[in-house]
Amino acid sequence: MLLSINWLRDYITTDIPLNDLADRLTMAGIEVEEVIHYGQQWDNIAVGEIVEISPHPNADKLSLTKVSAGEKSYSVVCGAPNLHKGLKVPLALEGAVLENSIKIKRSKIRGELSDGMICSETELGLGDDSSGIMVLPDDAKPGMSLAESLGLSDTVFDLGITPNRSDCLSIIGLAREIAAIFNIREVIPDITVPETGSPVANEISVEINAPELCPRYAARVVSDVSIGPSPLWMRRRLETCGVRSINNIVDITNYVLLEWGQPLHAFDISMIKGNKIIVRRAAKGEKFVTLDEVERQLSEDTLLICNTEIPVAIGGIMGGLDSGVSPKTTGVLLESAFFTPSSISRSSSALELKTEASLRFEKGVDINGVIPALNKAAMLISQLSGGRILKGFIDKYPGPLNDNKPIMLSVKKTGKTTGLEIKAEEIKKILKRLNIHVSADNPETIQATPPSFRYDLCSDIDLIEEVCRIKGYDQIPVKYPKVTMSSCSRNKSFYLTSLIRDIFVAQGFYEVINYSFIAPELLRFLNLHKTDLRRNPVRILNPLSSAQSVLRTTLLPSLLMNLKENLNNKCKSEKIFEISNTFLLQPESNLPAESKRIAGLVSGYRYEEIWNQQQHKIDFYDIKGSVETLMDQLHIESCYCLKNIEEPYFTPKKMLALYINDSVAGVMGEVHPDVLEKFEIETSVSVFDLDFDLISMHYSDTVSFRPFSKYPAIFRDIALIVDKEIPSEKVLETIRSFKHKLINDINLFDYYHGDKIAPGKKSLAYRIKFQSFERTLTDNEVNKIHDNMLSYLSREIGAELRN
């Protein structure tokens, strides 16, 4: 909704600073989205009076004029045919920019100096008449700026009106709202209708066959009208509010629409066959050509305005092509009606036809504003077209319609809801400013009856909102709610996911996020056995594509596809991981088992290419080290790796199972070349796949501090020969099971098998740290413990000391 401040001041006498007006409107719920200023385009254009006219010595069709602009006179060369002495004209001086972007400057025309230009309506953007110069009113004061003299300077607010405030879709409605906000009076000018001639009932009649869709229909007849352009003041008001001027009759209906918020329609009375208006529903399949020259098929819910022969308009939406006002029109029938909002909304949507009229009717117009708007339009037509208004008007209003029933408002509830300390008298004053009728049966309850134009006021909470708006939302005190302070319980899964993510990122990994849907052939590429549940995924009923047709049972295919794509984009090295869910079919259940997994992949080189360092390829031990780092950072001590697994997608003898206590927590290994070939990957790849839920069970964020010993440690290296089939982890666990309190740490530092070792044997060398927290150890004491430990290892695993 565009609000002209000049137009607004017809109804509000108090001058309110524009900034204050914009702020208060916005705070009251009517947002000022933009402020538009008009008038600058007429800078350096003044009112001039022609005081002398003489022929141009060098051109027969030009004249030399002397134009007075107050205290100064100007010489102007002009070729307009309607020049005469004493005429008041618009004078564009040097620096002015006209509508056609011509910039005025002093110049010679056929050898004669011209200080400016006398302009036509077209050149000023004030009309379409270019046949001669624009003639200003006789009372225009020479020297005054044109914008000031004609009232062209204006400020327009572009307002965002909420759907519930249909009463603000008019200048008068906004004037009422602003008057309530600033506690001032709005002044609605009296409407005097100069009636003459025969009674209107002798000329026209109205019949309503669908009162449920049209509760009220009023009409007036104006004869002997003269169709022509509207005066400048009306054209400017319409144009600043976004409406194009057409002719005086149509402009008046649009003017009253903007002023009162009541849509009107003007029919050429000669097109009302039978001198009768019939308001009815459209017949099934009936067609009608609207004013925009489009033939539309109507539904039975659409309301038609008809004469005795044919439809002439779609009620509340748009008139017909042949019944509107034309240059030949001499008499008009003015329609002012109330149409049911839901009916107009349905018809407008079905026809895909939105107009300014339908916008207002579907939101609800004031049924009591039908007659004032009709009278204002008739008065203006009489003034601006010379028409004669027939006596009286037709008002078909079968049953008074007013849904606004009294609302009981509690003073106590108003204060409690708003947080304001407000008394009943102040509430009454605020409601009265909003044209709400109030009465009180007791000091704590107010009976409030909303006016007919406020459809949105239905309950006490609506009235409380009105009190807040007018009082000012900024007046509501800030009161923070009282709450019991307590720390929220930490989501262990969420926290652990974040921690694991940080641990891998710190090791140089990048996290990837893939869809849970994959192509089924990717699972077959892993060489899984037909009985393996991971090979029989859950299928999607309506997949987006075959590449996303099943739920993944493992994260590894997605990671391998990520690697393939990155290798194709010339990425030589890759360290990626993903934490996500997998889905396995359960024979005994309709729903799949959903489990959270941690999977990672490494490929390429261990470090970035550096000039002074030899490149080393990432291998199986890098992935093992990454997993061990994860376990160490999560403080899971009871974990170890064994070779007792067979995964078909791993290279034989290059795979390990990760155990926590006696449970398998995951696997890791080097991907089999056959699998890589199916994925079209030509470099070695190592991966890990871990059970998040099992890791979460053994994770503890409790960290205990063990003090350092102030006594020196003694180190002993021991090289053991054991069977090749005994894993180093087993040897390490056996040494730990010796459980001597002085053994502080054990590390494997060498592995050997070859000619110097008997067949079927291997050598493992460990460095053992002995340290006491109570005293300094002696060599003899350590040697004795060392010998006992060798005897223990010989008994438990058949270990021999390597010479």
# chains A, B, ... in the order shown; residues from 1 in each chain; ligands from 1
>>> residues_around(residues="Ala147 of chain A", least_positions_apart="5", cutoff="7 Å", atoms="only C-alpha atoms", output="list in words")
Gly39, Trp42, Leu152 and Ser153 of chain A
>>> residues_around(residues="Ser336 of chain A", least_positions_apart="4", cutoff="9 Å", atoms="only C-alpha atoms", output="list in words")
Arg216, Tyr217, Ala218, Ala219, Arg220, Gln262, Pro263, Leu264, His265, Val370, Ile371, Ala373 and Leu374 of chain A
>>> select_by_dssp(residues="segment 512-628 of chain A", states="strand (DSSP E or B)", output="PDB file with all heavy atoms, in the first residue's frame")
ATOM      1  N   PHE A 517      22.648 -43.911   0.483  1.00  0.00           N
ATOM      2  CA  PHE A 517      22.201 -44.721  -0.645  1.00  0.00           C
ATOM      3  C   PHE A 517      23.356 -44.941  -1.615  1.00  0.00           C
ATOM      4  O   PHE A 517      24.066 -43.997  -1.947  1.00  0.00           O
ATOM      5  CB  PHE A 517      21.046 -44.038  -1.386  1.00  0.00           C
ATOM      6  CG  PHE A 517      19.961 -43.541  -0.489  1.00  0.00           C
ATOM      7  CD1 PHE A 517      19.541 -42.224  -0.549  1.00  0.00           C
ATOM      8  CD2 PHE A 517      19.360 -44.381   0.424  1.00  0.00           C
ATOM      9  CE1 PHE A 517      18.543 -41.752   0.276  1.00  0.00           C
ATOM     10  CE2 PHE A 517      18.353 -43.929   1.253  1.00  0.00           C
ATOM     11  CZ  PHE A 517      17.938 -42.609   1.184  1.00  0.00           C
ATOM     12  N   ILE A 518      23.516 -46.169  -2.071  1.00  0.00           N
ATOM     13  CA  ILE A 518      24.584 -46.476  -3.030  1.00  0.00           C
ATOM     14  C   ILE A 518      24.035 -47.414  -4.103  1.00  0.00           C
ATOM     15  O   ILE A 518      22.896 -47.895  -4.018  1.00  0.00           O
ATOM     16  CB  ILE A 518      25.808 -47.125  -2.348  1.00  0.00           C
ATOM     17  CG1 ILE A 518      25.424 -48.449  -1.676  1.00  0.00           C
ATOM     18  CG2 ILE A 518      26.452 -46.171  -1.353  1.00  0.00           C
ATOM     19  CD1 ILE A 518      26.603 -49.230  -1.156  1.00  0.00           C
ATOM     20  N   ARG A 539      16.558 -52.467  -0.064  1.00  0.00           N
ATOM     21  CA  ARG A 539      16.318 -51.774  -1.334  1.00  0.00           C
ATOM     22  C   ARG A 539      15.296 -50.648  -1.153  1.00  0.00           C
ATOM     23  O   ARG A 539      14.326 -50.795  -0.403  1.00  0.00           O
ATOM     24  CB  ARG A 539      15.846 -52.762  -2.405  1.00  0.00           C
ATOM     25  CG  ARG A 539      16.912 -53.810  -2.719  1.00  0.00           C
ATOM     26  CD  ARG A 539      16.562 -54.672  -3.918  1.00  0.00           C
ATOM     27  NE  ARG A 539      17.670 -55.590  -4.210  1.00  0.00           N
ATOM     28  CZ  ARG A 539      18.712 -55.271  -4.962  1.00  0.00           C
ATOM     29  NH1 ARG A 539      18.777 -54.063  -5.515  1.00  0.00           N
ATOM     30  NH2 ARG A 539      19.676 -56.146  -5.176  1.00  0.00           N
ATOM     31  N   VAL A 550      19.990 -48.637  -2.989  1.00  0.00           N
ATOM     32  CA  VAL A 550      20.033 -49.492  -1.795  1.00  0.00           C
ATOM     33  C   VAL A 550      20.703 -48.733  -0.660  1.00  0.00           C
ATOM     34  O   VAL A 550      21.479 -47.798  -0.870  1.00  0.00           O
ATOM     35  CB  VAL A 550      20.797 -50.806  -2.061  1.00  0.00           C
ATOM     36  CG1 VAL A 550      20.116 -51.604  -3.164  1.00  0.00           C
ATOM     37  CG2 VAL A 550      22.255 -50.541  -2.404  1.00  0.00           C
ATOM     38  N   LEU A 551      20.380 -49.162   0.578  1.00  0.00           N
ATOM     39  CA  LEU A 551      21.048 -48.615   1.756  1.00  0.00           C
ATOM     40  C   LEU A 551      22.386 -49.325   1.928  1.00  0.00           C
ATOM     41  O   LEU A 551      22.470 -50.554   1.806  1.00  0.00           O
ATOM     42  CB  LEU A 551      20.185 -48.816   2.999  1.00  0.00           C
ATOM     43  CG  LEU A 551      18.933 -47.941   3.115  1.00  0.00           C
ATOM     44  CD1 LEU A 551      18.076 -48.399   4.290  1.00  0.00           C
ATOM     45  CD2 LEU A 551      19.308 -46.481   3.286  1.00  0.00           C
ATOM     46  N   GLU A 574      45.725 -39.326  -0.352  1.00  0.00           N
ATOM     47  CA  GLU A 574      44.379 -39.205   0.213  1.00  0.00           C
ATOM     48  C   GLU A 574      44.357 -39.804   1.612  1.00  0.00           C
ATOM     49  O   GLU A 574      44.852 -40.916   1.839  1.00  0.00           O
ATOM     50  CB  GLU A 574      43.384 -39.948  -0.677  1.00  0.00           C
ATOM     51  CG  GLU A 574      41.959 -39.502  -0.508  1.00  0.00           C
ATOM     52  CD  GLU A 574      41.707 -38.144  -1.130  1.00  0.00           C
ATOM     53  OE1 GLU A 574      42.337 -37.816  -2.152  1.00  0.00           O
ATOM     54  OE2 GLU A 574      40.891 -37.396  -0.572  1.00  0.00           O
ATOM     55  N   LYS A 575      43.805 -39.058   2.557  1.00  0.00           N
ATOM     56  CA  LYS A 575      43.550 -39.574   3.906  1.00  0.00           C
ATOM     57  C   LYS A 575      42.161 -39.073   4.289  1.00  0.00           C
ATOM     58  O   LYS A 575      41.978 -37.898   4.620  1.00  0.00           O
ATOM     59  CB  LYS A 575      44.604 -39.085   4.905  1.00  0.00           C
ATOM     60  CG  LYS A 575      46.000 -39.616   4.654  1.00  0.00           C
ATOM     61  CD  LYS A 575      47.009 -39.064   5.663  1.00  0.00           C
ATOM     62  CE  LYS A 575      46.880 -39.715   7.016  1.00  0.00           C
ATOM     63  NZ  LYS A 575      47.960 -39.289   7.949  1.00  0.00           N
ATOM     64  N   ILE A 576      41.171 -39.948   4.207  1.00  0.00           N
ATOM     65  CA  ILE A 576      39.791 -39.529   4.460  1.00  0.00           C
ATOM     66  C   ILE A 576      39.136 -40.484   5.446  1.00  0.00           C
ATOM     67  O   ILE A 576      39.559 -41.634   5.609  1.00  0.00           O
ATOM     68  CB  ILE A 576      38.969 -39.472   3.156  1.00  0.00           C
ATOM     69  CG1 ILE A 576      38.997 -40.823   2.428  1.00  0.00           C
ATOM     70  CG2 ILE A 576      39.464 -38.357   2.247  1.00  0.00           C
ATOM     71  CD1 ILE A 576      38.127 -40.872   1.179  1.00  0.00           C
ATOM     72  N   PHE A 577      38.099 -40.006   6.116  1.00  0.00           N
ATOM     73  CA  PHE A 577      37.342 -40.855   7.035  1.00  0.00           C
ATOM     74  C   PHE A 577      35.886 -40.403   7.026  1.00  0.00           C
ATOM     75  O   PHE A 577      35.551 -39.298   6.594  1.00  0.00           O
ATOM     76  CB  PHE A 577      37.910 -40.788   8.458  1.00  0.00           C
ATOM     77  CG  PHE A 577      37.588 -39.509   9.189  1.00  0.00           C
ATOM     78  CD1 PHE A 577      36.517 -39.436  10.080  1.00  0.00           C
ATOM     79  CD2 PHE A 577      38.348 -38.361   8.966  1.00  0.00           C
ATOM     80  CE1 PHE A 577      36.229 -38.258  10.749  1.00  0.00           C
ATOM     81  CE2 PHE A 577      38.063 -37.179   9.638  1.00  0.00           C
ATOM     82  CZ  PHE A 577      37.004 -37.124  10.533  1.00  0.00           C
ATOM     83  N   GLU A 578      35.028 -41.285   7.494  1.00  0.00           N
ATOM     84  CA  GLU A 578      33.596 -40.983   7.594  1.00  0.00           C
ATOM     85  C   GLU A 578      33.033 -41.654   8.834  1.00  0.00           C
ATOM     86  O   GLU A 578      33.396 -42.787   9.168  1.00  0.00           O
ATOM     87  CB  GLU A 578      32.841 -41.451   6.345  1.00  0.00           C
ATOM     88  CG  GLU A 578      31.358 -41.096   6.382  1.00  0.00           C
ATOM     89  CD  GLU A 578      30.622 -41.441   5.106  1.00  0.00           C
ATOM     90  OE1 GLU A 578      31.203 -42.148   4.243  1.00  0.00           O
ATOM     91  OE2 GLU A 578      29.454 -41.028   4.961  1.00  0.00           O
ATOM     92  N   ILE A 579      32.132 -40.946   9.510  1.00  0.00           N
ATOM     93  CA  ILE A 579      31.411 -41.494  10.660  1.00  0.00           C
ATOM     94  C   ILE A 579      29.930 -41.444  10.299  1.00  0.00           C
ATOM     95  O   ILE A 579      29.354 -40.362  10.176  1.00  0.00           O
ATOM     96  CB  ILE A 579      31.677 -40.693  11.944  1.00  0.00           C
ATOM     97  CG1 ILE A 579      33.187 -40.581  12.209  1.00  0.00           C
ATOM     98  CG2 ILE A 579      30.972 -41.326  13.133  1.00  0.00           C
ATOM     99  CD1 ILE A 579      33.535 -39.666  13.371  1.00  0.00           C
ATOM    100  N   SER A 580      29.336 -42.616  10.103  1.00  0.00           N
ATOM    101  CA  SER A 580      27.945 -42.629   9.665  1.00  0.00           C
ATOM    102  C   SER A 580      27.321 -43.980   9.980  1.00  0.00           C
ATOM    103  O   SER A 580      27.984 -44.877  10.515  1.00  0.00           O
ATOM    104  CB  SER A 580      27.863 -42.328   8.170  1.00  0.00           C
ATOM    105  OG  SER A 580      26.519 -42.121   7.781  1.00  0.00           O
ATOM    106  N   ASN A 581      26.026 -44.115   9.634  1.00  0.00           N
ATOM    107  CA  ASN A 581      25.283 -45.333   9.946  1.00  0.00           C
ATOM    108  C   ASN A 581      25.277 -46.298   8.763  1.00  0.00           C
ATOM    109  O   ASN A 581      25.312 -45.875   7.602  1.00  0.00           O
ATOM    110  CB  ASN A 581      23.845 -45.002  10.322  1.00  0.00           C
ATOM    111  CG  ASN A 581      23.760 -44.269  11.648  1.00  0.00           C
ATOM    112  OD1 ASN A 581      24.720 -44.247  12.400  1.00  0.00           O
ATOM    113  ND2 ASN A 581      22.623 -43.681  11.938  1.00  0.00           N
ATOM    114  N   THR A 582      25.218 -47.574   9.082  1.00  0.00           N
ATOM    115  CA  THR A 582      25.024 -48.616   8.071  1.00  0.00           C
ATOM    116  C   THR A 582      23.754 -49.386   8.422  1.00  0.00           C
ATOM    117  O   THR A 582      23.266 -49.324   9.552  1.00  0.00           O
ATOM    118  CB  THR A 582      26.215 -49.578   8.020  1.00  0.00           C
ATOM    119  OG1 THR A 582      26.400 -50.185   9.313  1.00  0.00           O
ATOM    120  CG2 THR A 582      27.487 -48.838   7.622  1.00  0.00           C
ATOM    121  N   PHE A 583      23.226 -50.140   7.450  1.00  0.00           N
ATOM    122  CA  PHE A 583      21.935 -50.787   7.615  1.00  0.00           C
ATOM    123  C   PHE A 583      22.029 -52.236   7.139  1.00  0.00           C
ATOM    124  O   PHE A 583      22.408 -52.493   5.998  1.00  0.00           O
ATOM    125  CB  PHE A 583      20.866 -50.040   6.814  1.00  0.00           C
ATOM    126  CG  PHE A 583      20.797 -48.567   7.121  1.00  0.00           C
ATOM    127  CD1 PHE A 583      21.646 -47.666   6.466  1.00  0.00           C
ATOM    128  CD2 PHE A 583      19.927 -48.081   8.072  1.00  0.00           C
ATOM    129  CE1 PHE A 583      21.605 -46.325   6.745  1.00  0.00           C
ATOM    130  CE2 PHE A 583      19.877 -46.723   8.363  1.00  0.00           C
ATOM    131  CZ  PHE A 583      20.720 -45.843   7.699  1.00  0.00           C
ATOM    132  N   LEU A 584      21.681 -53.160   8.018  1.00  0.00           N
ATOM    133  CA  LEU A 584      21.738 -54.588   7.692  1.00  0.00           C
ATOM    134  C   LEU A 584      20.353 -55.200   7.818  1.00  0.00           C
ATOM    135  O   LEU A 584      19.631 -54.957   8.805  1.00  0.00           O
ATOM    136  CB  LEU A 584      22.697 -55.322   8.631  1.00  0.00           C
ATOM    137  CG  LEU A 584      24.193 -55.056   8.448  1.00  0.00           C
ATOM    138  CD1 LEU A 584      24.977 -55.800   9.512  1.00  0.00           C
ATOM    139  CD2 LEU A 584      24.655 -55.466   7.056  1.00  0.00           C
ATOM    140  N   ALA A 593      18.731 -53.451  10.872  1.00  0.00           N
ATOM    141  CA  ALA A 593      19.527 -53.069  12.039  1.00  0.00           C
ATOM    142  C   ALA A 593      20.433 -51.902  11.635  1.00  0.00           C
ATOM    143  O   ALA A 593      21.178 -51.991  10.668  1.00  0.00           O
ATOM    144  CB  ALA A 593      20.363 -54.251  12.512  1.00  0.00           C
ATOM    145  N   GLU A 594      20.357 -50.856  12.399  1.00  0.00           N
ATOM    146  CA  GLU A 594      21.129 -49.638  12.090  1.00  0.00           C
ATOM    147  C   GLU A 594      22.267 -49.512  13.098  1.00  0.00           C
ATOM    148  O   GLU A 594      22.033 -49.515  14.310  1.00  0.00           O
ATOM    149  CB  GLU A 594      20.213 -48.420  12.163  1.00  0.00           C
ATOM    150  CG  GLU A 594      20.863 -47.131  11.729  1.00  0.00           C
ATOM    151  CD  GLU A 594      19.863 -45.983  11.670  1.00  0.00           C
ATOM    152  OE1 GLU A 594      18.649 -46.240  11.819  1.00  0.00           O
ATOM    153  OE2 GLU A 594      20.304 -44.834  11.498  1.00  0.00           O
ATOM    154  N   SER A 595      23.486 -49.438  12.583  1.00  0.00           N
ATOM    155  CA  SER A 595      24.638 -49.314  13.480  1.00  0.00           C
ATOM    156  C   SER A 595      25.567 -48.223  12.975  1.00  0.00           C
ATOM    157  O   SER A 595      25.672 -47.975  11.774  1.00  0.00           O
ATOM    158  CB  SER A 595      25.401 -50.644  13.565  1.00  0.00           C
ATOM    159  OG  SER A 595      25.895 -51.019  12.289  1.00  0.00           O
ATOM    160  N   LYS A 596      26.246 -47.602  13.902  1.00  0.00           N
ATOM    161  CA  LYS A 596      27.150 -46.501  13.572  1.00  0.00           C
ATOM    162  C   LYS A 596      28.564 -47.047  13.406  1.00  0.00           C
ATOM    163  O   LYS A 596      29.040 -47.820  14.233  1.00  0.00           O
ATOM    164  CB  LYS A 596      27.102 -45.447  14.682  1.00  0.00           C
ATOM    165  CG  LYS A 596      27.665 -44.104  14.303  1.00  0.00           C
ATOM    166  CD  LYS A 596      27.325 -43.069  15.382  1.00  0.00           C
ATOM    167  CE  LYS A 596      27.781 -41.687  14.984  1.00  0.00           C
ATOM    168  NZ  LYS A 596      27.421 -40.664  16.004  1.00  0.00           N
ATOM    169  N   ARG A 597      29.219 -46.632  12.339  1.00  0.00           N
ATOM    170  CA  ARG A 597      30.560 -47.124  12.019  1.00  0.00           C
ATOM    171  C   ARG A 597      31.512 -45.950  11.813  1.00  0.00           C
ATOM    172  O   ARG A 597      31.114 -44.827  11.497  1.00  0.00           O
ATOM    173  CB  ARG A 597      30.549 -47.978  10.750  1.00  0.00           C
ATOM    174  CG  ARG A 597      29.543 -49.090  10.704  1.00  0.00           C
ATOM    175  CD  ARG A 597      29.864 -50.214  11.644  1.00  0.00           C
ATOM    176  NE  ARG A 597      31.114 -50.903  11.312  1.00  0.00           N
ATOM    177  CZ  ARG A 597      31.543 -51.977  11.945  1.00  0.00           C
ATOM    178  NH1 ARG A 597      30.831 -52.502  12.952  1.00  0.00           N
ATOM    179  NH2 ARG A 597      32.682 -52.542  11.605  1.00  0.00           N
ATOM    180  N   ILE A 598      32.821 -46.275  11.985  1.00  0.00           N
ATOM    181  CA  ILE A 598      33.897 -45.317  11.692  1.00  0.00           C
ATOM    182  C   ILE A 598      34.773 -45.990  10.648  1.00  0.00           C
ATOM    183  O   ILE A 598      35.322 -47.069  10.895  1.00  0.00           O
ATOM    184  CB  ILE A 598      34.742 -45.006  12.936  1.00  0.00           C
ATOM    185  CG1 ILE A 598      33.864 -44.662  14.138  1.00  0.00           C
ATOM    186  CG2 ILE A 598      35.739 -43.890  12.651  1.00  0.00           C
ATOM    187  CD1 ILE A 598      34.594 -44.749  15.467  1.00  0.00           C
ATOM    188  N   ALA A 599      34.896 -45.372   9.501  1.00  0.00           N
ATOM    189  CA  ALA A 599      35.714 -45.968   8.440  1.00  0.00           C
ATOM    190  C   ALA A 599      36.667 -44.917   7.903  1.00  0.00           C
ATOM    191  O   ALA A 599      36.372 -43.726   7.887  1.00  0.00           O
ATOM    192  CB  ALA A 599      34.836 -46.516   7.310  1.00  0.00           C
ATOM    193  N   GLY A 600      37.853 -45.408   7.487  1.00  0.00           N
ATOM    194  CA  GLY A 600      38.848 -44.488   6.952  1.00  0.00           C
ATOM    195  C   GLY A 600      39.647 -45.127   5.846  1.00  0.00           C
ATOM    196  O   GLY A 600      39.648 -46.366   5.677  1.00  0.00           O
ATOM    197  N   LEU A 601      40.347 -44.288   5.107  1.00  0.00           N
ATOM    198  CA  LEU A 601      41.113 -44.769   3.943  1.00  0.00           C
ATOM    199  C   LEU A 601      42.355 -43.924   3.790  1.00  0.00           C
ATOM    200  O   LEU A 601      42.312 -42.704   3.982  1.00  0.00           O
ATOM    201  CB  LEU A 601      40.220 -44.682   2.704  1.00  0.00           C
ATOM    202  CG  LEU A 601      40.795 -44.948   1.320  1.00  0.00           C
ATOM    203  CD1 LEU A 601      39.691 -45.471   0.411  1.00  0.00           C
ATOM    204  CD2 LEU A 601      41.392 -43.678   0.699  1.00  0.00           C
ATOM    205  N   VAL A 602      43.478 -44.585   3.456  1.00  0.00           N
ATOM    206  CA  VAL A 602      44.714 -43.852   3.157  1.00  0.00           C
ATOM    207  C   VAL A 602      45.289 -44.390   1.852  1.00  0.00           C
ATOM    208  O   VAL A 602      45.186 -45.584   1.550  1.00  0.00           O
ATOM    209  CB  VAL A 602      45.764 -43.974   4.294  1.00  0.00           C
ATOM    210  CG1 VAL A 602      45.263 -43.324   5.558  1.00  0.00           C
ATOM    211  CG2 VAL A 602      46.159 -45.425   4.530  1.00  0.00           C
ATOM    212  N   SER A 603      45.900 -43.493   1.083  1.00  0.00           N
ATOM    213  CA  SER A 603      46.512 -43.886  -0.186  1.00  0.00           C
ATOM    214  C   SER A 603      47.488 -42.809  -0.606  1.00  0.00           C
ATOM    215  O   SER A 603      47.350 -41.644  -0.217  1.00  0.00           O
ATOM    216  CB  SER A 603      45.421 -44.067  -1.258  1.00  0.00           C
ATOM    217  OG  SER A 603      46.002 -44.403  -2.504  1.00  0.00           O
ATOM    218  N   TYR A 605      51.134 -40.900  -0.811  1.00  0.00           N
ATOM    219  CA  TYR A 605      52.390 -40.668  -0.105  1.00  0.00           C
ATOM    220  C   TYR A 605      52.159 -40.199   1.321  1.00  0.00           C
ATOM    221  O   TYR A 605      51.172 -39.535   1.634  1.00  0.00           O
ATOM    222  CB  TYR A 605      53.233 -39.647  -0.875  1.00  0.00           C
ATOM    223  CG  TYR A 605      53.658 -40.141  -2.236  1.00  0.00           C
ATOM    224  CD1 TYR A 605      52.960 -39.759  -3.393  1.00  0.00           C
ATOM    225  CD2 TYR A 605      54.739 -41.014  -2.374  1.00  0.00           C
ATOM    226  CE1 TYR A 605      53.336 -40.239  -4.635  1.00  0.00           C
ATOM    227  CE2 TYR A 605      55.132 -41.484  -3.616  1.00  0.00           C
ATOM    228  CZ  TYR A 605      54.430 -41.103  -4.745  1.00  0.00           C
ATOM    229  OH  TYR A 605      54.798 -41.578  -5.972  1.00  0.00           O
ATOM    230  N   ILE A 610      58.693 -32.817  -0.705  1.00  0.00           N
ATOM    231  CA  ILE A 610      59.635 -31.821  -0.167  1.00  0.00           C
ATOM    232  C   ILE A 610      60.998 -32.068  -0.812  1.00  0.00           C
ATOM    233  O   ILE A 610      61.418 -33.216  -0.991  1.00  0.00           O
ATOM    234  CB  ILE A 610      59.738 -31.922   1.366  1.00  0.00           C
ATOM    235  CG1 ILE A 610      58.350 -31.764   2.014  1.00  0.00           C
ATOM    236  CG2 ILE A 610      60.691 -30.866   1.916  1.00  0.00           C
ATOM    237  CD1 ILE A 610      58.332 -31.980   3.502  1.00  0.00           C
ATOM    238  N   GLN A 613      63.560 -34.357   1.177  1.00  0.00           N
ATOM    239  CA  GLN A 613      63.062 -35.566   1.846  1.00  0.00           C
ATOM    240  C   GLN A 613      62.560 -36.554   0.811  1.00  0.00           C
ATOM    241  O   GLN A 613      61.817 -36.199  -0.109  1.00  0.00           O
ATOM    242  CB  GLN A 613      61.932 -35.196   2.812  1.00  0.00           C
ATOM    243  CG  GLN A 613      61.452 -36.378   3.643  1.00  0.00           C
ATOM    244  CD  GLN A 613      60.474 -35.935   4.724  1.00  0.00           C
ATOM    245  OE1 GLN A 613      60.603 -34.854   5.268  1.00  0.00           O
ATOM    246  NE2 GLN A 613      59.507 -36.767   5.019  1.00  0.00           N
ATOM    247  N   LYS A 617      55.635 -44.165   0.367  1.00  0.00           N
ATOM    248  CA  LYS A 617      54.225 -44.452   0.166  1.00  0.00           C
ATOM    249  C   LYS A 617      53.575 -44.867   1.493  1.00  0.00           C
ATOM    250  O   LYS A 617      54.171 -45.552   2.315  1.00  0.00           O
ATOM    251  CB  LYS A 617      54.037 -45.553  -0.875  1.00  0.00           C
ATOM    252  CG  LYS A 617      54.127 -45.051  -2.306  1.00  0.00           C
ATOM    253  CD  LYS A 617      53.371 -45.988  -3.248  1.00  0.00           C
ATOM    254  CE  LYS A 617      53.171 -45.313  -4.598  1.00  0.00           C
ATOM    255  NZ  LYS A 617      52.268 -46.112  -5.456  1.00  0.00           N
TER     256      LYS A 617
END
>>> residues_around(residues="Tyr397 of chain A", least_positions_apart="4", cutoff="10 Å", atoms="only C-alpha atoms", output="PyMOL selection string")
chain A and resi 208+211+214-218+337-338+367+401
>>> select_by_dssp(residues="segment 400-476 of chain A", states="alpha helix (DSSP H)", output="PyMOL selection string")
chain A and resi 411-418+424-433+460-471
>>> closest_residue(among="A:Gly127, A:Pro406, A:Gly143, A:Pro398", to="Asn247 of chain A", atoms="only C-alpha atoms")
A:Gly127
>>> closest_residue(among="A:Gly125, A:Pro727, A:Pro587, A:Pro341", to="Asn644 of chain A", atoms="only C-alpha atoms")
A:Pro727
